[in-house]
Amino acid sequence: MAVIDGKALAATIREEITHEVEKIKELGGKVPHLAAVLVGDNPASQSYVKSKVKYCDDVGFESTLIKKDESITQQELIELVTDLNKDETVDGYIVQLPLPRHIDQEVVNLAIDPKKDVDGFNPMNFGRMALGLPAYLPATPQGILVMLERYNIETSGKKCVVIGRSNIVGMPMSILLSQKRDVGNCTVTIVHSRTKDVEQEIKEADIVVAAIGRANYITEDMIKPGAVVIDVGVNRLEDPTRKRGYRLVGDVDYANVSQKASFITPVPGGVGPMTVTSLIMNTLKSARKEIYK
């Protein structure tokens, strides 16, 4: 069994991006600029945005954090998005989810300029991705593709089971792995709450991508010997022995499944760091006009 160390890989990629930014500065070019909009005081969102800003600083990007009170109206947020669309100094930006209940996330998402949609959530980018056209890929699926590539994991002809069908992870992951690409050409099955025999589908998989949001859902008996297991889940379990009172676990029973898997991602330290790094990668692409010429 080999551990896919997302934390170490993310650090390597950020170092590569740092060198690219240094070259841009030497040539007098524009330094990539990422903005993040944070609405409310959700602790998880604050932590996530903080890590994004830190990663920007690490690689030499410019970054702007825009904090708004939870009472902001949907119209006010749309106006802010419109201003960011017009701001030529900003290469890409994100509106951190979740948003307060009184704001329609889809309306906000549709208002984001696809050219600055470094989260890859706008339907324009999703559609381009589905057609195999240049697009900003959603951060988590892109991070997983990079992990598979950098660890030289063969995907062509393999059976892949994606657990979960969200628009953020499950659906785009299934599309990307089935496409004709270097990391792709899989035969993909998506399983979800209405799938009749989830366990049997998983047992037949060469590659398992777990993104269901249920702690330790995937157990050792579900995994085919030698399977590659990518754990996207981040779940909190109460643990009075920890200073924070809880510990983070994935959707996979790591201790036992790791005994059967050929490759596996840990939680924490697996997919998470690569998700944030993918956002940095997309911002660099935006600054270079790689997707939209």
# chains A, B, ... in the order shown; residues from 1 in each chain; ligands from 1
>>> residues_around(residues="Thr18 (chain A)", least_positions_apart="5", cutoff="8 Å", atoms="only C-alpha atoms", output="PyMOL selection string")
chain A and resi 58-60
>>> residues_around(residues="Lys67 (chain A)", least_positions_apart="6", cutoff="8 Å", atoms="only C-alpha atoms", output="mmCIF file with C-alpha atoms, in the first residue's frame")
data_model
loop_
_atom_site.group_PDB
_atom_site.id
_atom_site.type_symbol
_atom_site.label_atom_id
_atom_site.label_comp_id
_atom_site.auth_asym_id
_atom_site.auth_seq_id
_atom_site.Cartn_x
_atom_site.Cartn_y
_atom_site.Cartn_z
ATOM 1 C CA VAL A 37 -15.678 36.799 -0.946
ATOM 2 C CA LEU A 38 -16.630 35.536 2.505
ATOM 3 C CA VAL A 39 -20.172 36.079 3.719
ATOM 4 C CA GLY A 40 -20.954 35.506 7.401
#
>>> residues_around(residues="region 228-230 of chain A", least_positions_apart="3", cutoff="7 Å", atoms="only C-alpha atoms", output="ChimeraX atom specification")
/A:206-210,261-265
>>> residues_around(residues="Thr89 (chain A)", least_positions_apart="2", cutoff="8 Å", atoms="only C-alpha atoms", output="list in words")
His33, Asp87 and Asp91 of chain A
>>> residues_around(residues="His192 (chain A)", least_positions_apart="4", cutoff="8 Å", atoms="only C-alpha atoms", output="PDB file with C-alpha atoms, in the first residue's frame")
ATOM      1  CA  ILE A 163     -19.738   7.529  -4.702  1.00  0.00           C
ATOM      2  CA  GLY A 164     -21.842  10.680  -4.692  1.00  0.00           C
ATOM      3  CA  ARG A 165     -23.267  12.777  -7.523  1.00  0.00           C
ATOM      4  CA  VAL A 198     -23.854  -0.039  -3.723  1.00  0.00           C
TER       5      VAL A 198
END
>>> select_by_dssp(residues="region 172-209 of chain A", states="helix (DSSP H, G or I)", output="tab-separated table (two decimals) with N, CA and C atoms, in the first residue's frame")
chain	number	residue	atom	x	y	z
A	172	PRO	N	-18.69	16.01	-11.91
A	172	PRO	CA	-17.54	16.36	-12.76
A	172	PRO	C	-16.44	15.29	-12.72
A	173	MET	N	-16.26	14.63	-11.58
A	173	MET	CA	-15.23	13.59	-11.49
A	173	MET	C	-15.55	12.44	-12.43
A	174	SER	N	-16.82	12.07	-12.49
A	174	SER	CA	-17.22	10.97	-13.36
A	174	SER	C	-17.02	11.32	-14.83
A	175	ILE	N	-17.31	12.57	-15.18
A	175	ILE	CA	-17.14	13.01	-16.56
A	175	ILE	C	-15.66	13.01	-16.95
A	176	LEU	N	-14.83	13.58	-16.09
A	176	LEU	CA	-13.40	13.72	-16.40
A	176	LEU	C	-12.72	12.36	-16.52
A	177	LEU	N	-13.03	11.44	-15.63
A	177	LEU	CA	-12.37	10.14	-15.67
A	177	LEU	C	-12.83	9.28	-16.84
A	178	SER	N	-14.00	9.58	-17.39
A	178	SER	CA	-14.47	8.81	-18.54
A	178	SER	C	-14.00	9.38	-19.87
A	198	VAL	N	-25.04	-0.89	-3.77
A	198	VAL	CA	-23.85	-0.04	-3.72
A	198	VAL	C	-22.60	-0.87	-3.44
A	199	GLU	N	-22.69	-1.75	-2.47
A	199	GLU	CA	-21.52	-2.52	-2.07
A	199	GLU	C	-20.97	-3.35	-3.22
A	200	GLN	N	-21.84	-3.98	-3.98
A	200	GLN	CA	-21.37	-4.81	-5.10
A	200	GLN	C	-20.68	-3.98	-6.16
A	201	GLU	N	-21.20	-2.80	-6.42
A	201	GLU	CA	-20.57	-1.91	-7.41
A	201	GLU	C	-19.16	-1.54	-6.95
A	202	ILE	N	-19.03	-1.20	-5.66
A	202	ILE	CA	-17.73	-0.81	-5.13
A	202	ILE	C	-16.74	-1.97	-5.17
A	203	LYS	N	-17.22	-3.16	-4.86
A	203	LYS	CA	-16.35	-4.35	-4.84
A	203	LYS	C	-15.71	-4.64	-6.19
>>> atom_distance(atom1="CA of Arg14 (chain A)", atom2="CA of Asp117 (chain A)")
20.1 Å
